[in-house]
Protein chains: 2
Amino acid sequence: MTPTAVSALRNIATRLRIDSIRSTTAAGSGHPTTCMSAAEIMAAVFFGEMRFDPQNPGNPGSDRFVLSKGHAAPILYAAWAEAGLFPREELLKLRRIDSDLEGHPTPRLPFVDVATGSLGQGICAAVGIALNARRIGSAYRTYVLLGDGEMAEGSVWEAASMAADYKLDNLCAIVDVNALGQSQPTRHRHDLAAIAAHWNAWGWHAIEVDGHDLERLQEALGSARSTKGRPTVLVARTLKGKGVSWVEGKDGWHGKALKKDEADKAVAELEQQLVEGVDRPAIPAPAGQPRSAPAPDYSTLPAPGYKRGDMIATREAWGTAVAALGEIDPRVVALDADVKNSTFSERFQKAHPERFFESYIAEQAMIGAAMGLAARGAIPFPSTFACFLTRAADFVRMAGISFVNMKMAGSHAGVSIGEDGPSQMALEDLAMMRAVPNCTVLYPCDAVSTERLVVEMARIGGLAYMRTSRPKTAVLYGPEETFPIGGCKVLRQGSADAATVIGAGVTVYEALDAYDELQKSGIGIRVIDLYSVQPVDVTTLTAAAQATGGVVFTVEDHYSAGGVGDAVSEALAPAGIAVRRLAVREIPRSGQPEELMDRYGISARHIADAVRKTQLVAPGGVRS
Amino acid sequence: MTPTAVSALRNIATRLRIDSIRSTTAAGSGHPTTCMSAAEIMAAVFFGEMRFDPQNPGNPGSDRFVLSKGHAAPILYAAWAEAGLFPREELLKLRRIDSDLEGHPTPRLPFVDVATGSLGQGICAAVGIALNARRIGSAYRTYVLLGDGEMAEGSVWEAASMAADYKLDNLCAIVDVNALGQSQPTRHRHDLAAIAAHWNAWGWHAIEVDGHDLERLQEALGSARSTKGRPTVLVARTLKGKGVSWVEGKDGWHGKALKKDEADKAVAELEQQLVEGVDRPAIPAPAGQPRSAPAPDYSTLPAPGYKRGDMIATREAWGTAVAALGEIDPRVVALDADVKNSTFSERFQKAHPERFFESYIAEQAMIGAAMGLAARGAIPFPSTFACFLTRAADFVRMAGISFVNMKMAGSHAGVSIGEDGPSQMALEDLAMMRAVPNCTVLYPCDAVSTERLVVEMARIGGLAYMRTSRPKTAVLYGPEETFPIGGCKVLRQGSADAATVIGAGVTVYEALDAYDELQKSGIGIRVIDLYSVQPVDVTTLTAAAQATGGVVFTVEDHYSAGGVGDAVSEALAPAGIAVRRLAVREIPRSGQPEELMDRYGISARHIADAVRKTQLVAPGGVRS
């Protein structure tokens, strides 16, 4: 680098510091010192290394940058202002309700691929973004900035493993080792060798570097670019608050905006560091546009190939459907955490091995990588046992905040898995997924609805979850039946039904058995298959509930909180109708599926008993 | 070791293999080959190394064993049968509904400290169990057996870091490197050096060993025992299915019980390996009984020292209360994930540094270690931002299955945190915690109720969660007010209330403001502080709802799914009363707390509007 080029980058670093201070002071909160340690890193990566289109951050050929240490948001915003995407004055709207410059980055901003701010997630997404470059045949590179405190999160090492497995030499991580966490020094403080040893053990190319030395940073970034067969990490020694003498390297400044007079003093000191007469370097254009694929025609998909009465587990139908979808849509990818022979994602792997990604037993990295893939145009279908998706609950939460187009599946839901016992039974996954307000939640009972809903999931944008079951269940629907998201199916009804019974998944069959049983006593019930748990079909449910005198039962292979009962309760509240729930209400144990369904109160017998009781005593205030 | 001693252990290993095969074949499912790789390890640890009381597994001086690879449950059960705790024939009841020998271990069995079966959790608990030995001044050692596939879970490395930080030389991990995962070979297969490099980089003493060589295993265990200042890991090369020639080292046998004829053939081959005329070695007694503390007298705790109207954040009152509790109860410990200055757990650290444990930013290790501490008699109070507890959702799930006595706290709940934005806002934590059926869920609004409820949490056994808030709120209650778990407080009521409005935490104040506002129009409402969200006060809620004509609103700083609205809906369903919810219904953004509460529909204005609307139109079917 020429001395002028170094001076130009140094000026940029100084301006980024000034912007980080001014914006957080204007907001009255934020993390200026966390930004200041990273100023040379940001200057070097954005203005000395990355090839991108500053006017179109979404350009599919542009290098990508992920701010895994999301609390340094102000310097990310400052970098894009410096690049010319928007006027610098916008930065002073930081954290205001009328600005998209939020406290931590979200994809409301066009240059943010995934929301960060929960540490250890950005690097997982960066792995997915780097994998995506291969999928679309692009030379774009992916850069991700982590904090040193962040390395305590296990998810960082899940991602590091996955990146090494896939030899992601198009991925470069930078660790901003400023040695100070929120409440104390970080674990390894400034011991760069110890930190580098971790990454080296994980198969990365680790480079120790002074994170305030622009020339060394540029060299290291160049070395990363020329390193083949493995990802590179820059372990960069920095000082928190660098550039302002009375703040740098001092504890006690985490997450504190400077007061107005402090900020003025700090900015004055920084302005002294600016060198006049050097121009900002030009930003190199993206290397080229990746291949694009024609829009897939979903109407060419064949109808599900099942006959009514066939016994097929929904997890198996899911595997078949996702593999078939992959045939016509090259955006579809699948991810697994070493259970592909149980979830049937192995069918996708067999058909499309180049679009199948394995995280081993690392659910956080699986969902995080899927988020990254989704952010760059893929339609990822990550799957594992539904109970193990709870391992990635914080990633699912952030996927909601990221508005990503990701289609999760969780198999082996509920006590109906049987003998493996409670650790393998998902009984809280519906609560977890429904508590993401923009997540579609589907729970098909048979193979036909499963296949149809897989296609519907792919067709709509956004986050979606499908719950599948372990046991084989009978095909209920004909191949031409359609399953719009937000709908449900009324499977049984009569003119004088005593109750509406709403099941989903395995409990649909229990409700149908209860119907048969109650018919023997001359009692009719309306049976509904609630395959779409979020959004829920308020109109059909309300009509059914009103037609059955306001007597409504839900029955679900899930705990009573947050699942089908909750969804239906809220749907019927405007009509003034209360919902009684049959659900699992204690920690279950091992046993046979039928034994457990009965023991925990969600079998046909319990449904029939509950309905019969309403025939003896009118419930308070609802039936006359 | 004498040749006879080796033969004795070899016979034990063979018997453990036979038992693992027979029990899984009787059950018709399970993981025999996963057990068989670990047979010499189990024999060496249980019958050549550990000091324990085989008739009283809970003996507080006994060495502890955690089966982190929980799917090898049959060999754990076989080891305890071998030790004489129960008759061998019991093993044939494996996985039956009438047996506590479940598919994966749970603390329904007296020799299981924490439930395992979700990989990567047992080692976190083992860290807590090892920390507990120091707390009680015991020389007991802790052993934990992991699978090699399990090392892909990031939580393993969170635990490894924490163990190294605390120099836990009383902890010994063994990795059963059988090189085969569920659906494929493991990441590092039999590359012991690569695996050992990982542990060494993490500050452990790693020993590579042939996991089927009893003499080498014994030596390595001895080396672990004499290693000071750091934990030891045995990286043990094994073969899955070892001991049965046509199974060992073969892929495709994961999670499959042998058929009856296969099992007979396998057992016949194993029986050939038994050597006659050697006695089982004696099991050494525990080294000594640890110190025990007198039962604390909670009645000596002073009343909360606040005046009505004082402005105190509940998170701060929580910190004060837990520190005070630590004064009188030596079982109380606190854990932090580097946010102690925000959650106020630093108050406990300051008062009781020897009982304060720091995981850095690693929530899984924090909760996992707390589970281990709880399992051995401590009362742990782990805390972080409530949104980051979702990082440990799978651990919380397993804590429920483990029936542990753990008291979690999550601070910074809801949009009322303001400018930091959605990544820092817990809006799903109530759904997560309520979906653990044996978890008490508390959500106090003021400092007095917070302090009282901290004590109530400690007093009851089992799992509990307290949600605290970032903003300062006015003290509502006098110092003598009591807050029984499962109760609520009616704060406002009149003889002709138009509605019941149920808030919790910050929304209690919104409901009180709405009351004042509505009073101006002559409309009365009943205002309830639902500080106990699970269990919920069905009696009081029902009475209030009936007294207000069945018109009930919940208002919560949480998404609409799974929280206060869900809890109240289910509570009022038996009375036929439906509940309308004011809750956050979309992904929020950064802004000021008051702005956000209003924008997302949970402010006093929205409550008043909702109540006013009921005065114009009678809701369907409820009010006449």
# chains A, B, ... in the order shown; residues from 1 in each chain; ligands from 1

$ select_by_dssp --residues "range 315-435 of chain A" --states "helix (DSSP H, G or I)" --output "MDAnalysis selection string"
chainID A and resid 315:328 340:343 346:351 353:355 363:375 386:402 415:417 422:424 429:434

$ write_last_selection --atoms "C-alpha atoms" --output "compact mmCIF listing (two decimals), in the first residue's frame"
# COMPACT_ATOMS: atom_id res chain seq x y z
CA ARG A 315 -41.68 -37.39 8.25
CA GLU A 316 -41.21 -39.75 5.33
CA ALA A 317 -43.63 -37.85 3.11
CA TRP A 318 -41.74 -34.69 4.03
CA GLY A 319 -38.47 -36.23 2.84
CA THR A 320 -40.05 -37.33 -0.41
CA ALA A 321 -41.62 -33.95 -1.01
CA VAL A 322 -38.51 -31.88 -0.33
CA ALA A 323 -36.45 -34.10 -2.64
CA ALA A 324 -39.08 -33.68 -5.38
CA LEU A 325 -39.17 -29.94 -4.87
CA GLY A 326 -35.42 -29.86 -5.33
CA GLU A 327 -35.91 -31.33 -8.81
CA ILE A 328 -37.74 -28.28 -10.09
CA LYS A 340 -31.07 -37.63 8.05
CA ASN A 341 -31.99 -41.31 8.13
CA SER A 342 -34.68 -40.55 10.74
CA THR A 343 -36.01 -37.31 9.29
CA GLU A 346 -31.41 -38.35 3.19
CA ARG A 347 -33.78 -38.48 0.24
CA PHE A 348 -32.81 -34.95 -0.66
CA GLN A 349 -29.14 -35.76 -0.10
CA LYS A 350 -29.36 -38.70 -2.49
CA ALA A 351 -31.07 -36.65 -5.19
CA PRO A 353 -25.92 -34.05 -2.92
CA GLU A 354 -24.40 -30.72 -3.97
CA ARG A 355 -27.25 -28.85 -2.28
CA GLU A 363 -28.34 -27.56 15.43
CA GLN A 364 -27.30 -23.95 15.97
CA ALA A 365 -24.87 -24.05 13.06
CA MET A 366 -27.47 -25.82 10.95
CA ILE A 367 -30.14 -23.16 11.47
CA GLY A 368 -27.63 -20.33 11.34
CA ALA A 369 -26.15 -21.54 8.06
CA ALA A 370 -29.66 -21.96 6.69
CA MET A 371 -30.38 -18.34 7.63
CA GLY A 372 -27.33 -17.24 5.68
CA LEU A 373 -28.30 -19.33 2.66
CA ALA A 374 -31.81 -17.92 2.81
CA ALA A 375 -30.52 -14.37 3.03
CA ALA A 386 -38.32 -31.29 16.64
CA CYS A 387 -37.05 -31.45 20.23
CA PHE A 388 -33.54 -30.65 19.07
CA LEU A 389 -34.69 -27.55 17.24
CA THR A 390 -35.05 -26.12 20.74
CA ARG A 391 -31.24 -26.20 20.73
CA ALA A 392 -31.47 -23.48 18.11
CA ALA A 393 -34.34 -21.55 19.72
CA ASP A 394 -32.37 -18.32 19.86
CA PHE A 395 -31.51 -18.74 16.19
CA VAL A 396 -35.17 -19.27 15.36
CA ARG A 397 -35.94 -16.11 17.31
CA MET A 398 -33.35 -14.19 15.31
CA ALA A 399 -34.59 -15.78 12.08
CA GLY A 400 -37.92 -14.10 12.82
CA ILE A 401 -36.17 -10.77 13.33
CA SER A 402 -34.25 -11.44 10.10
CA VAL A 415 -45.26 -38.66 23.16
CA SER A 416 -46.24 -40.66 20.10
CA ILE A 417 -42.55 -41.37 19.49
CA PRO A 422 -39.03 -37.55 27.10
CA SER A 423 -35.62 -36.25 26.02
CA GLN A 424 -36.50 -37.16 22.42
CA ASP A 429 -41.93 -26.91 19.64
CA LEU A 430 -45.30 -25.43 18.68
CA ALA A 431 -45.00 -22.96 21.56
CA MET A 432 -41.52 -22.01 20.41
CA MET A 433 -42.46 -21.57 16.77
CA ARG A 434 -45.80 -19.86 17.38

$ residues_around --residues "Gly255 in chain A" --least-positions-apart "6" --cutoff "10 Å" --atoms "only C-alpha atoms" --output "list of chain:residue names"
A:Thr24, A:Ser29, A:Gly30, A:His31, A:Pro32, A:Thr33, A:Thr34, A:His71, A:Ala72, A:Gln182

$ atom_distance --atom1 "CA of Ile460 in chain A" --atom2 "CA of Val490 in chain A"
23.8 Å

$ residues_around --residues "Gly243 in chain A" --least-positions-apart "6" --cutoff "9 Å" --atoms "only C-alpha atoms" --output "PyMOL selection string"
chain A and resi 14+17+36-37+266+269-270+273

$ closest_residue --among "B:Leu442, B:Met162, B:Val45, B:Leu145" --to "Arg225 in chain B" --atoms "only C-alpha atoms"
B:Val45

$ residues_around --residues "Glu586 in chain A" --least-positions-apart "2" --cutoff "10 Å" --atoms "only C-alpha atoms" --output "ChimeraX atom specification"
/A:559-560,583-584,588-589,600 /B:400-401,436-438

$ select_by_dssp --residues "range 337-574 of chain B" --states "strand (DSSP E or B)" --output "number ranges by chain"
B: 356-358, 379-385, 407-411, 413, 426, 439-442, 463-467, 472-474, 489-492, 499-503, 525-529, 532-534, 552-559

$ residues_around --residues "Trp246 in chain B" --least-positions-apart "5" --cutoff "12 Å" --atoms "only C-alpha atoms" --output "compact mmCIF listing (two decimals) with all heavy atoms, in the first residue's frame"
# COMPACT_ATOMS: atom_id res chain seq x y z
N THR B 33 -25.24 -51.09 20.15
CA THR B 33 -23.85 -50.97 19.68
C THR B 33 -23.15 -49.76 20.28
O THR B 33 -21.93 -49.77 20.46
CB THR B 33 -23.81 -50.89 18.14
OG1 THR B 33 -24.56 -49.75 17.68
CG2 THR B 33 -24.41 -52.14 17.51
N LEU B 239 -14.55 -49.33 19.08
CA LEU B 239 -15.34 -49.78 17.93
C LEU B 239 -16.80 -49.88 18.36
O LEU B 239 -17.11 -50.50 19.40
CB LEU B 239 -14.86 -51.14 17.44
CG LEU B 239 -13.49 -51.17 16.77
CD1 LEU B 239 -13.10 -52.61 16.43
CD2 LEU B 239 -13.49 -50.31 15.50
N LYS B 240 -17.67 -49.31 17.58
CA LYS B 240 -19.10 -49.45 17.84
C LYS B 240 -19.45 -50.93 17.68
O LYS B 240 -19.01 -51.58 16.72
CB LYS B 240 -19.88 -48.59 16.83
CG LYS B 240 -21.25 -48.14 17.31
CD LYS B 240 -21.71 -46.92 16.53
CE LYS B 240 -23.12 -46.48 16.90
NZ LYS B 240 -23.46 -45.16 16.32
N GLY B 241 -20.21 -51.45 18.63
CA GLY B 241 -20.59 -52.86 18.54
C GLY B 241 -19.49 -53.82 18.93
O GLY B 241 -19.60 -55.03 18.71
N ASP B 251 -21.11 -49.85 10.02
CA ASP B 251 -22.12 -48.81 9.94
C ASP B 251 -23.50 -49.47 9.77
O ASP B 251 -23.59 -50.65 9.43
CB ASP B 251 -21.82 -47.89 8.74
CG ASP B 251 -22.38 -46.47 8.93
OD1 ASP B 251 -23.16 -46.27 9.88
OD2 ASP B 251 -22.03 -45.59 8.14
N GLY B 252 -24.55 -48.74 10.04
CA GLY B 252 -25.90 -49.27 9.81
C GLY B 252 -26.52 -49.92 11.02
O GLY B 252 -27.67 -50.38 10.98
N TRP B 253 -25.80 -49.96 12.15
CA TRP B 253 -26.36 -50.58 13.35
C TRP B 253 -26.78 -49.55 14.40
O TRP B 253 -27.20 -49.92 15.50
CB TRP B 253 -25.34 -51.54 13.98
CG TRP B 253 -25.28 -52.86 13.28
CD1 TRP B 253 -24.33 -53.26 12.37
CD2 TRP B 253 -26.18 -53.96 13.43
NE1 TRP B 253 -24.60 -54.54 11.94
CE2 TRP B 253 -25.74 -55.00 12.57
CE3 TRP B 253 -27.34 -54.17 14.19
CZ2 TRP B 253 -26.40 -56.22 12.46
CZ3 TRP B 253 -28.00 -55.40 14.08
CH2 TRP B 253 -27.52 -56.40 13.22
N LEU B 258 -31.01 -55.70 18.38
CA LEU B 258 -30.85 -56.96 17.64
C LEU B 258 -32.14 -57.76 17.74
O LEU B 258 -32.83 -57.73 18.77
CB LEU B 258 -29.67 -57.77 18.21
CG LEU B 258 -28.27 -57.38 17.69
CD1 LEU B 258 -27.89 -55.96 18.07
CD2 LEU B 258 -27.23 -58.38 18.20
N GLU B 262 -30.61 -62.88 16.47
CA GLU B 262 -29.33 -62.17 16.40
C GLU B 262 -28.75 -61.98 17.80
O GLU B 262 -27.54 -62.15 18.01
CB GLU B 262 -29.52 -60.78 15.76
CG GLU B 262 -29.88 -60.79 14.29
CD GLU B 262 -30.28 -59.40 13.76
OE1 GLU B 262 -30.66 -58.52 14.58
OE2 GLU B 262 -30.23 -59.21 12.54
N ALA B 263 -29.62 -61.61 18.73
CA ALA B 263 -29.17 -61.38 20.10
C ALA B 263 -28.62 -62.68 20.70
O ALA B 263 -27.57 -62.68 21.37
CB ALA B 263 -30.31 -60.84 20.95
N LYS B 265 -27.29 -65.16 19.18
CA LYS B 265 -26.00 -65.44 18.54
C LYS B 265 -24.91 -64.52 19.11
O LYS B 265 -23.79 -64.97 19.43
CB LYS B 265 -26.16 -65.21 17.03
CG LYS B 265 -25.02 -65.69 16.16
CD LYS B 265 -25.37 -65.48 14.68
CE LYS B 265 -24.12 -65.20 13.86
NZ LYS B 265 -24.40 -64.46 12.63
N ALA B 266 -25.25 -63.26 19.29
CA ALA B 266 -24.27 -62.30 19.83
C ALA B 266 -23.90 -62.65 21.26
O ALA B 266 -22.72 -62.63 21.64
CB ALA B 266 -24.85 -60.88 19.76
N GLU B 269 -21.53 -65.54 21.46
CA GLU B 269 -20.16 -65.14 21.15
C GLU B 269 -19.52 -64.43 22.34
O GLU B 269 -18.35 -64.67 22.67
CB GLU B 269 -20.13 -64.24 19.90
CG GLU B 269 -18.73 -63.84 19.47
CD GLU B 269 -18.69 -63.03 18.17
OE1 GLU B 269 -19.67 -63.08 17.38
OE2 GLU B 269 -17.67 -62.36 17.95
N LEU B 270 -20.30 -63.59 23.00
CA LEU B 270 -19.77 -62.85 24.14
C LEU B 270 -19.49 -63.78 25.32
O LEU B 270 -18.49 -63.64 26.02
CB LEU B 270 -20.75 -61.74 24.55
CG LEU B 270 -20.78 -60.55 23.58
CD1 LEU B 270 -22.03 -59.70 23.80
CD2 LEU B 270 -19.51 -59.70 23.76

$ residues_around --residues "Gly305 in chain B" --least-positions-apart "6" --cutoff "10 Å" --atoms "only C-alpha atoms" --output "short mmCIF file (atom, residue, chain, number, x, y, z; two decimals) with N, CA, C and O atoms, in the first residue's frame"
data_model
loop_
_atom_site.label_atom_id
_atom_site.label_comp_id
_atom_site.auth_asym_id
_atom_site.auth_seq_id
_atom_site.Cartn_x
_atom_site.Cartn_y
_atom_site.Cartn_z
N ALA B 447 -40.55 -3.85 43.18
CA ALA B 447 -39.40 -4.34 43.95
C ALA B 447 -39.84 -5.21 45.13
O ALA B 447 -39.18 -6.21 45.45
N VAL B 448 -40.93 -4.86 45.76
CA VAL B 448 -41.37 -5.64 46.92
C VAL B 448 -41.78 -7.04 46.48
O VAL B 448 -41.35 -8.05 47.06
N GLU B 451 -38.70 -9.13 45.57
CA GLU B 451 -37.93 -9.67 46.70
C GLU B 451 -38.67 -10.83 47.37
O GLU B 451 -38.07 -11.86 47.69
N GLY B 478 -46.72 -2.62 50.09
CA GLY B 478 -46.08 -2.40 51.38
C GLY B 478 -45.14 -3.54 51.71
O GLY B 478 -45.25 -4.64 51.16
N PRO B 479 -44.20 -3.30 52.62
CA PRO B 479 -43.16 -4.31 52.90
C PRO B 479 -43.69 -5.61 53.50
O PRO B 479 -43.01 -6.63 53.43
#

$ residues_around --residues "range 407-413 of chain A" --least-positions-apart "4" --cutoff "7 Å" --atoms "only C-alpha atoms" --output "ChimeraX atom specification"
/A:315,343,380-386,389,417,425-427,457,463-470
